[in-house]
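Chemist: Structure incoming, see below.
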Amino acid sequence: MSPRRSLAAGAALAARQAPWSAFALGLLQSLAFAPFGLWPLGPGCVALLWLLWRDAPPRRAAAIGFGFYAGLFLAGTYWLYTSIHVFGKAPLALAILLMLGLVAIMGGYAALLGALTARLAPTRGAWRLLVVLPGSWVLLEWFRGWFLSGFPWLAIGYSQLETPLAGYAPLLGVYGVSLAAALTAGALLLMLESGARRRFALGALVALLWAGGAALGRVDWTQPAGPAVSVALVQGAIPQDQKWLEENRAHTVEVYRGLTEQALGARIIVWPEAALPMLYHEAVPILADIYREARARGSDLVLGLVRYDFQNGQYRNGLVALGDDEQWYYKRRLVPFGEFFPVPAFVRAWMRLKSLAYVDFLAGDADQGPLEAAGQKLGATICYEDAYATEQRAVLDRATLLVNVSNDAWFGDSTAPHQHLQITRMRALEAGRWMIRGTNNGISALIGPHGELVARSHQFVAEVLRGEVIPMRGLTPYARVGNLPVLAFCFAAVGGALLAGGLRRRARARRR
């Protein structure tokens, strides 16, 4: 075979292997997130993906994009199998179908991005690597975070929480951090194909980007609104597969009663999501005794419980604050196939025959105000609601503290609780507020207004996590305007670059 034919054959083989290389890169990028924290893999793997996209025709670029996101979400959300099959008791085939369905949907988004940029964007150069690809990458993360109820997990910005780029979060939110990471990826890749003078300029750009984040990270965007408040997080650590068994109900109640007695005296005592294996009206006699003891010791209770709404005959996943009066917050973002089932009636009938869960919860209103406890106003979220970056913005003008209760016991000893904690830390950083995070079996935590982990519980251990939090006032720039600046920049940058490219192509065509 001639050298030219050998090179052609090698190029063809590399093209066929590119989607699998992208799949491996996606697997590798999952290590950038908690608990591994190999943050250089965040922008590094994206840069290598863009290298695979270079000069690829639309169909191959789509396959490469699909491979990358498929690898990332297969490795990054494998724990869905645990929640659906191991604890949810769904049939194995259904659990695998739902898990792979999510992977396929996420891969489809990246495939579309790859095809569009291959068809519309310049194949190389600064416009592509510093404008089109970073902007479109952030738009992809934002789009998949809300479309069809959204799945905002594994945005690249979360992987940079321990880096100077996190300083952009109070200013521009997690997608601003993603944009900074994507710009870093583009600049590094562009350096590989540039001369010495241009490499120096690009290196200076990256240094300036990171130094800017470091400087912003030292800014106090919010201020204390009063003295420190003592809190106690009650973590019962009841295994998910044991919690709702009738024979274990009394034991679970006694665990939470005993741990709460240890916590008495703290101004705010927090139980996790759906802490007791019973409905609120069933728990009232138990809670009455605990409430009296708490009030005698100066403690207010904030408790995660499931409530049956007798008025409309539906269930609600709620958080109740018991202080001077009773106040409720109801979960707004319900978990598909966990708290509501977007399936037709014949599937529900089959689920009922198989003794599978099929009852929909009722979502809370969008405009719920903060809860009051210990003289503070608590901006509340339940479970994965805190993965939606803008959900808490509506109450930040009133909330002095944030509270999130969750039941990460559904995911066992997997990466999910660590990823969720990373997300919760980003919400505290964006808001410039202390976050009180209570979970059933870990990781419960107290998080400072710079996203710092001040205290955390041990996983799978029944304990009371004690500490103090400081109420805060004021609004970060992100709390005021949300994602608007980042989205406006990305839409303008991508749209402008594509328009300019189209005009250049038309001009060349006319000259021919």
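Just so we're on the same page: first chain in the structure tokens is A, next is B, and so on; residues restart at 1 for each chain, and ligands are numbered from 1 in the order they show up.
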Can you check which parts of range 54-84 of chain A lie within 10 Å of range 409-413 of chain A? Per residue, the shortest pair of atoms and distance in Å to one decimal, counting only C-alpha atoms, sorted by chain and number, as CSV.

Modeler:
residue,atom,partner,partner_atom,distance
A:Tyr78,CA,A:Phe411,CA,9.6
A:Trp79,CA,A:Phe411,CA,5.8
A:Leu80,CA,A:Phe411,CA,7.2
A:Tyr81,CA,A:Phe411,CA,8.5
A:Thr82,CA,A:Phe411,CA,5.7
A:Ser83,CA,A:Trp410,CA,4.9
A:Ile84,CA,A:Trp410,CA,8.4

Chemist: Taking the DSSP secondary structure from the backbone, can you list the residues of range 246-410 of chain A that are strand (DSSP E or B), as a PyMOL selection string?

Modeler: chain A and resi 264+266+268-270+279+300-309+314-322+326-330+336+340+361+371-373+376-382+401-406

Chemist: Would you write out those residues with N, CA and C atoms, as a compact mmCIF listing (two decimals), in the first residue's frame?

Modeler:
# COMPACT_ATOMS: atom_id res chain seq x y z
N LEU A 264 -31.75 19.41 71.63
CA LEU A 264 -32.52 20.47 72.29
C LEU A 264 -31.59 21.55 72.83
N ALA A 266 -30.49 23.99 70.76
CA ALA A 266 -30.14 24.69 69.52
C ALA A 266 -31.35 25.52 69.08
N ILE A 268 -32.40 26.30 66.13
CA ILE A 268 -33.11 25.66 65.02
C ILE A 268 -32.68 24.21 64.96
N ILE A 269 -33.65 23.31 64.97
CA ILE A 269 -33.41 21.87 64.83
C ILE A 269 -34.04 21.43 63.51
N VAL A 270 -33.26 20.76 62.67
CA VAL A 270 -33.72 20.39 61.33
C VAL A 270 -33.74 18.87 61.18
N LEU A 279 -47.41 9.72 57.54
CA LEU A 279 -47.92 11.01 57.11
C LEU A 279 -47.99 11.98 58.29
N ASP A 300 -36.74 25.90 67.89
CA ASP A 300 -37.75 25.79 66.85
C ASP A 300 -37.43 24.59 65.97
N LEU A 301 -38.46 23.94 65.48
CA LEU A 301 -38.30 22.72 64.68
C LEU A 301 -38.59 23.00 63.21
N VAL A 302 -37.75 22.46 62.34
CA VAL A 302 -37.97 22.50 60.90
C VAL A 302 -37.88 21.06 60.42
N LEU A 303 -39.02 20.49 60.02
CA LEU A 303 -39.12 19.05 59.85
C LEU A 303 -39.60 18.68 58.45
N GLY A 304 -38.90 17.76 57.80
CA GLY A 304 -39.34 17.24 56.52
C GLY A 304 -40.31 16.09 56.71
N LEU A 305 -41.55 16.25 56.21
CA LEU A 305 -42.59 15.23 56.38
C LEU A 305 -43.48 15.20 55.15
N VAL A 306 -44.05 14.04 54.88
CA VAL A 306 -45.04 13.89 53.81
C VAL A 306 -46.41 14.20 54.40
N ARG A 307 -47.19 14.99 53.69
CA ARG A 307 -48.50 15.40 54.19
C ARG A 307 -49.58 15.00 53.19
N TYR A 308 -50.67 14.47 53.70
CA TYR A 308 -51.83 14.17 52.86
C TYR A 308 -52.79 15.35 52.89
N ASP A 309 -53.08 15.86 51.69
CA ASP A 309 -53.99 16.99 51.56
C ASP A 309 -55.41 16.45 51.45
N GLN A 314 -54.61 14.44 47.67
CA GLN A 314 -53.28 14.20 47.12
C GLN A 314 -52.21 14.36 48.19
N TYR A 315 -51.04 13.79 47.88
CA TYR A 315 -49.91 13.85 48.80
C TYR A 315 -49.00 15.03 48.44
N ARG A 316 -48.34 15.57 49.48
CA ARG A 316 -47.38 16.65 49.28
C ARG A 316 -46.09 16.31 50.03
N ASN A 317 -44.97 16.62 49.40
CA ASN A 317 -43.68 16.49 50.06
C ASN A 317 -43.37 17.84 50.68
N GLY A 318 -43.37 17.90 52.01
CA GLY A 318 -43.33 19.20 52.67
C GLY A 318 -42.23 19.37 53.69
N LEU A 319 -42.04 20.64 54.05
CA LEU A 319 -41.13 21.04 55.12
C LEU A 319 -41.93 21.96 56.03
N VAL A 320 -42.08 21.58 57.30
CA VAL A 320 -42.90 22.35 58.22
C VAL A 320 -42.00 23.00 59.26
N ALA A 321 -42.24 24.28 59.52
CA ALA A 321 -41.53 25.00 60.58
C ALA A 321 -42.49 25.15 61.76
N LEU A 322 -42.08 24.64 62.92
CA LEU A 322 -42.89 24.70 64.13
C LEU A 322 -42.19 25.61 65.11
N GLU A 326 -47.42 27.24 62.88
CA GLU A 326 -47.10 26.17 61.93
C GLU A 326 -47.08 26.75 60.52
N GLN A 327 -45.94 26.57 59.83
CA GLN A 327 -45.82 27.05 58.45
C GLN A 327 -45.30 25.92 57.58
N TRP A 328 -45.77 25.90 56.33
CA TRP A 328 -45.39 24.82 55.42
C TRP A 328 -44.74 25.37 54.16
N TYR A 329 -43.76 24.64 53.69
CA TYR A 329 -43.24 24.80 52.33
C TYR A 329 -43.42 23.46 51.64
N TYR A 330 -43.95 23.49 50.41
CA TYR A 330 -44.17 22.25 49.65
C TYR A 330 -43.25 22.20 48.44
N PRO A 336 -39.33 13.04 38.45
CA PRO A 336 -40.02 12.13 37.52
C PRO A 336 -39.78 10.67 37.89
N PHE A 340 -43.80 11.80 40.60
CA PHE A 340 -44.89 11.82 39.62
C PHE A 340 -44.47 10.95 38.44
N PHE A 361 -47.50 12.96 43.43
CA PHE A 361 -47.57 13.99 44.46
C PHE A 361 -48.08 15.28 43.83
N LEU A 371 -39.84 30.37 55.18
CA LEU A 371 -40.31 29.91 56.48
C LEU A 371 -39.66 30.76 57.57
N GLU A 372 -40.30 30.82 58.74
CA GLU A 372 -39.75 31.57 59.86
C GLU A 372 -39.40 30.61 60.99
N ALA A 373 -38.18 30.77 61.52
CA ALA A 373 -37.74 29.97 62.66
C ALA A 373 -36.65 30.74 63.37
N GLN A 376 -35.55 34.04 62.19
CA GLN A 376 -34.92 34.11 60.87
C GLN A 376 -35.92 33.69 59.80
N LYS A 377 -35.63 34.12 58.57
CA LYS A 377 -36.44 33.71 57.42
C LYS A 377 -35.61 32.74 56.59
N LEU A 378 -36.16 31.55 56.38
CA LEU A 378 -35.44 30.45 55.74
C LEU A 378 -35.93 30.27 54.31
N GLY A 379 -35.03 30.43 53.34
CA GLY A 379 -35.32 30.09 51.96
C GLY A 379 -35.18 28.59 51.79
N ALA A 380 -36.30 27.90 51.54
CA ALA A 380 -36.32 26.44 51.61
C ALA A 380 -36.31 25.81 50.23
N THR A 381 -35.63 24.66 50.14
CA THR A 381 -35.72 23.75 49.00
C THR A 381 -35.72 22.33 49.54
N ILE A 382 -36.33 21.43 48.77
CA ILE A 382 -36.39 20.03 49.17
C ILE A 382 -35.73 19.19 48.08
N LEU A 401 -31.31 33.00 55.80
CA LEU A 401 -30.62 31.71 55.76
C LEU A 401 -31.26 30.83 54.69
N LEU A 402 -30.54 29.84 54.23
CA LEU A 402 -31.07 28.85 53.31
C LEU A 402 -31.12 27.49 54.01
N VAL A 403 -32.12 26.70 53.67
CA VAL A 403 -32.21 25.34 54.20
C VAL A 403 -32.62 24.40 53.08
N ASN A 404 -31.92 23.29 53.00
CA ASN A 404 -32.27 22.23 52.06
C ASN A 404 -32.33 20.92 52.83
N VAL A 405 -33.43 20.20 52.65
CA VAL A 405 -33.53 18.87 53.24
C VAL A 405 -33.64 17.87 52.10
N SER A 406 -32.99 16.74 52.26
CA SER A 406 -32.93 15.79 51.16
C SER A 406 -32.91 14.37 51.71

Chemist: With only C-alpha atoms as the counted atoms, please give the residues lying no more than 12 Å from Asp220 in chain A, apart from itself and same-chain residues fewer than 3 positions off, as a PDB file with C-alpha atoms, in the first residue's frame.

Modeler:
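The resulting file, around-v2.pdb, is reproduced below:
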ATOM      1  CA  GLY A 167     -15.383  33.466  42.236  1.00  0.00           C
ATOM      2  CA  PRO A 170     -21.963  35.220  42.952  1.00  0.00           C
ATOM      3  CA  LEU A 171     -21.674  37.445  39.885  1.00  0.00           C
ATOM      4  CA  ALA A 215     -10.184  38.478  43.038  1.00  0.00           C
ATOM      5  CA  LEU A 216     -13.967  38.153  42.897  1.00  0.00           C
ATOM      6  CA  GLY A 217     -13.781  35.237  45.332  1.00  0.00           C
ATOM      7  CA  GLN A 223     -23.312  41.248  55.076  1.00  0.00           C
ATOM      8  CA  PRO A 224     -24.246  39.771  58.453  1.00  0.00           C
ATOM      9  CA  LEU A 429     -22.059  30.685  46.976  1.00  0.00           C
ATOM     10  CA  GLU A 430     -24.411  32.170  44.377  1.00  0.00           C
ATOM     11  CA  ALA A 431     -26.696  33.562  47.087  1.00  0.00           C
ATOM     12  CA  GLY A 432     -24.071  34.700  49.600  1.00  0.00           C
ATOM     13  CA  ARG A 433     -26.034  32.911  52.312  1.00  0.00           C
ATOM     14  CA  GLY A 448     -20.785  29.201  54.487  1.00  0.00           C
ATOM     15  CA  PRO A 449     -21.674  32.102  52.180  1.00  0.00           C
ATOM     16  CA  HIS A 450     -18.548  31.523  50.069  1.00  0.00           C
ATOM     17  CA  MET A 472     -27.054  37.449  56.006  1.00  0.00           C
ATOM     18  CA  ARG A 473     -28.652  40.366  54.183  1.00  0.00           C
ATOM     19  CA  GLY A 474     -28.061  41.937  50.792  1.00  0.00           C
ATOM     20  CA  LEU A 475     -28.122  40.455  47.325  1.00  0.00           C
ATOM     21  CA  THR A 476     -25.320  39.189  45.140  1.00  0.00           C
ATOM     22  CA  PRO A 477     -25.365  40.352  41.504  1.00  0.00           C
TER      23      PRO A 477
END

Chemist: Could you please determine the separation between CA of Leu27 in chain A and CA of Gly67 in chain A in Å, to one decimal place?

Modeler: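 So the two atoms, CA of Leu27 in chain A and CA of Gly67 in chain A, lie 9.6 Å apart.
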
Chemist: If we count only C-alpha atoms and set the cut-off at 8 Å, which residues sit around Leu233 in chain A, ignoring sequence neighbours fewer than 2 positions away in its own chain? Please answer as a PDB file with C-alpha atoms, in the first residue's frame.

Modeler:
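In the end it all went to around09.pdb:
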ATOM      1  CA  VAL A 231     -28.457  24.920  64.688  1.00  0.00           C
ATOM      2  CA  GLN A 235     -29.521  12.567  60.809  1.00  0.00           C
ATOM      3  CA  ALA A 263     -30.228  18.546  69.914  1.00  0.00           C
ATOM      4  CA  ILE A 269     -33.407  21.866  64.827  1.00  0.00           C
ATOM      5  CA  VAL A 270     -33.723  20.388  61.327  1.00  0.00           C
ATOM      6  CA  TRP A 271     -34.976  16.970  60.298  1.00  0.00           C
ATOM      7  CA  ARG A 437     -28.415  21.001  54.691  1.00  0.00           C
ATOM      8  CA  GLY A 438     -30.135  18.077  56.424  1.00  0.00           C
ATOM      9  CA  SER A 444     -25.624  16.714  56.192  1.00  0.00           C
ATOM     10  CA  VAL A 464     -26.555  15.242  65.460  1.00  0.00           C
ATOM     11  CA  LEU A 465     -24.476  17.787  63.586  1.00  0.00           C
ATOM     12  CA  ARG A 466     -24.194  20.982  65.614  1.00  0.00           C
TER      13      ARG A 466
END

Chemist: So which residues of range 73-230 of chain A fall under helix (DSSP H, G or I) by DSSP, listed as a ChimeraX atom specification?

Modeler: /A:73-76,80-87,92-120,126-144,147-149,156-160,164-192,196-216

Chemist: Name all residues at most 12 Å from Gly176 in chain A (count only C-alpha atoms; drop same-chain ones fewer than 6 positions away) and give them as a short mmCIF file (atom, residue, chain, number, x, y, z; two decimals) with N, CA and C atoms, in the first residue's frame.

Modeler:
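Saved as selection-v3.cif:
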data_model
loop_
_atom_site.label_atom_id
_atom_site.label_comp_id
_atom_site.auth_asym_id
_atom_site.auth_seq_id
_atom_site.Cartn_x
_atom_site.Cartn_y
_atom_site.Cartn_z
N PRO A 134 -17.45 27.99 23.25
CA PRO A 134 -17.77 28.28 24.66
C PRO A 134 -19.20 28.77 24.86
N GLY A 135 -19.66 29.68 24.00
CA GLY A 135 -21.03 30.19 24.15
C GLY A 135 -22.07 29.12 23.95
N TRP A 137 -21.67 25.91 24.27
CA TRP A 137 -21.58 24.89 25.33
C TRP A 137 -22.40 25.30 26.55
N VAL A 138 -22.30 26.57 26.92
CA VAL A 138 -23.06 27.07 28.07
C VAL A 138 -24.55 27.07 27.75
N LEU A 139 -24.92 27.44 26.54
CA LEU A 139 -26.33 27.40 26.16
C LEU A 139 -26.87 25.97 26.20
N GLU A 141 -25.84 23.61 28.32
CA GLU A 141 -26.05 23.29 29.73
C GLU A 141 -27.32 23.96 30.25
N TRP A 142 -27.52 25.21 29.87
CA TRP A 142 -28.72 25.93 30.32
C TRP A 142 -29.98 25.29 29.74
N ALA A 155 -23.19 20.10 35.16
CA ALA A 155 -22.70 21.28 34.46
C ALA A 155 -21.24 21.48 34.84
N ILE A 156 -20.41 21.84 33.87
CA ILE A 156 -18.97 21.90 34.10
C ILE A 156 -18.61 22.89 35.20
N GLY A 157 -19.45 23.91 35.42
CA GLY A 157 -19.16 24.89 36.46
C GLY A 157 -19.05 24.27 37.84
N TYR A 158 -19.83 23.23 38.11
CA TYR A 158 -19.76 22.59 39.43
C TYR A 158 -18.39 21.98 39.70
N GLN A 160 -15.63 23.16 39.09
CA GLN A 160 -14.64 24.19 39.37
C GLN A 160 -14.86 24.87 40.73
N LEU A 165 -12.03 29.98 39.60
CA LEU A 165 -13.17 30.30 38.74
C LEU A 165 -14.48 30.35 39.52
N ALA A 166 -14.54 29.72 40.69
CA ALA A 166 -15.76 29.75 41.50
C ALA A 166 -16.09 31.18 41.92
N GLY A 167 -15.12 32.08 41.88
CA GLY A 167 -15.38 33.47 42.24
C GLY A 167 -16.39 34.15 41.34
N TYR A 168 -16.63 33.59 40.14
CA TYR A 168 -17.62 34.17 39.24
C TYR A 168 -19.04 33.80 39.62
N ALA A 169 -19.23 32.82 40.52
CA ALA A 169 -20.58 32.33 40.83
C ALA A 169 -21.48 33.39 41.43
N PRO A 170 -21.05 34.20 42.43
CA PRO A 170 -21.96 35.22 42.95
C PRO A 170 -22.29 36.31 41.93
N ALA A 182 -15.14 26.95 29.97
CA ALA A 182 -15.18 26.70 28.53
C ALA A 182 -14.22 27.63 27.78
N LEU A 183 -14.13 28.89 28.19
CA LEU A 183 -13.16 29.81 27.59
C LEU A 183 -11.74 29.33 27.84
N LEU A 209 -8.27 35.63 33.25
CA LEU A 209 -9.57 35.03 33.56
C LEU A 209 -9.55 34.40 34.95
N GLY A 213 -11.29 35.67 38.64
CA GLY A 213 -12.09 34.82 39.51
C GLY A 213 -11.57 34.81 40.93
N ALA A 389 -30.72 26.35 39.48
CA ALA A 389 -29.99 27.49 40.01
C ALA A 389 -30.88 28.68 40.37
N MET A 426 -22.71 25.26 45.71
CA MET A 426 -22.79 26.29 44.67
C MET A 426 -23.97 27.23 44.91
N GLU A 430 -23.67 31.25 45.25
CA GLU A 430 -24.41 32.17 44.38
C GLU A 430 -25.22 33.18 45.18
N PRO A 477 -24.91 40.01 42.86
CA PRO A 477 -25.37 40.35 41.50
C PRO A 477 -26.18 39.23 40.87
N TYR A 478 -25.78 37.97 41.10
CA TYR A 478 -26.55 36.87 40.51
C TYR A 478 -27.95 36.80 41.11
N GLY A 482 -29.96 36.97 37.96
CA GLY A 482 -29.98 35.58 37.52
C GLY A 482 -29.06 35.30 36.34
N ASN A 483 -29.53 34.46 35.44
CA ASN A 483 -28.72 34.01 34.31
C ASN A 483 -28.71 34.97 33.12
N LEU A 484 -29.45 36.07 33.22
CA LEU A 484 -29.63 36.95 32.07
C LEU A 484 -28.31 37.43 31.45
N PRO A 485 -27.34 37.93 32.22
CA PRO A 485 -26.11 38.41 31.59
C PRO A 485 -25.36 37.32 30.82
N VAL A 486 -25.25 36.14 31.41
CA VAL A 486 -24.53 35.06 30.75
C VAL A 486 -25.26 34.63 29.48
N LEU A 487 -26.57 34.46 29.58
CA LEU A 487 -27.33 34.03 28.41
C LEU A 487 -27.30 35.08 27.31
N ALA A 488 -27.42 36.35 27.69
CA ALA A 488 -27.37 37.42 26.68
C ALA A 488 -26.02 37.41 25.97
N PHE A 489 -24.94 37.26 26.74
CA PHE A 489 -23.61 37.22 26.13
C PHE A 489 -23.48 36.03 25.19
N CYS A 490 -23.92 34.86 25.66
CA CYS A 490 -23.76 33.65 24.85
C CYS A 490 -24.60 33.71 23.57
#

Chemist: Considering only C-alpha atoms, state which residue in the set A:Pro471, A:Gly451, A:Gly298, A:Gly150 is at the smallest distance from Leu396 in chain A.

Modeler: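 Using only C-alpha atoms, Leu396 in chain A sits closest to A:Pro471.
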
Chemist: Using only C-alpha atoms, which residues sit within 10 Å of range 45-52 of chain A once same-chain residues fewer than 2 positions away are excluded, as JSON, numbers by chain?

Modeler: {"A": [14, 15, 18, 19, 21, 22, 23, 24, 25, 26, 27, 28, 29, 30, 32, 40, 41, 42, 43, 54, 55, 56, 60, 61, 64, 65, 67, 68, 114, 124, 128, 129, 133, 134, 137, 156, 181, 182, 183, 184, 185, 186, 187, 188, 189, 190]}

Chemist: Ile290 in chain A: which residues within 9 Å, counting only C-alpha atoms, same-chain residues fewer than 4 positions away excluded, as a PyMOL selection string?

Modeler: chain A and resi 257+260-261+286+294-295

Chemist: Out of A:Gly107, A:Gly236, A:Gly173, A:Gly44, which residue has the shortest atom-to-atom distance to Phe73 in chain A when counting only C-alpha atoms?

Modeler: A:Gly107

Chemist: One decimal, in Å: what's the spacing between CA of Leu161 in chain A and CA of Val177 in chain A?

Modeler: 8.7 Å
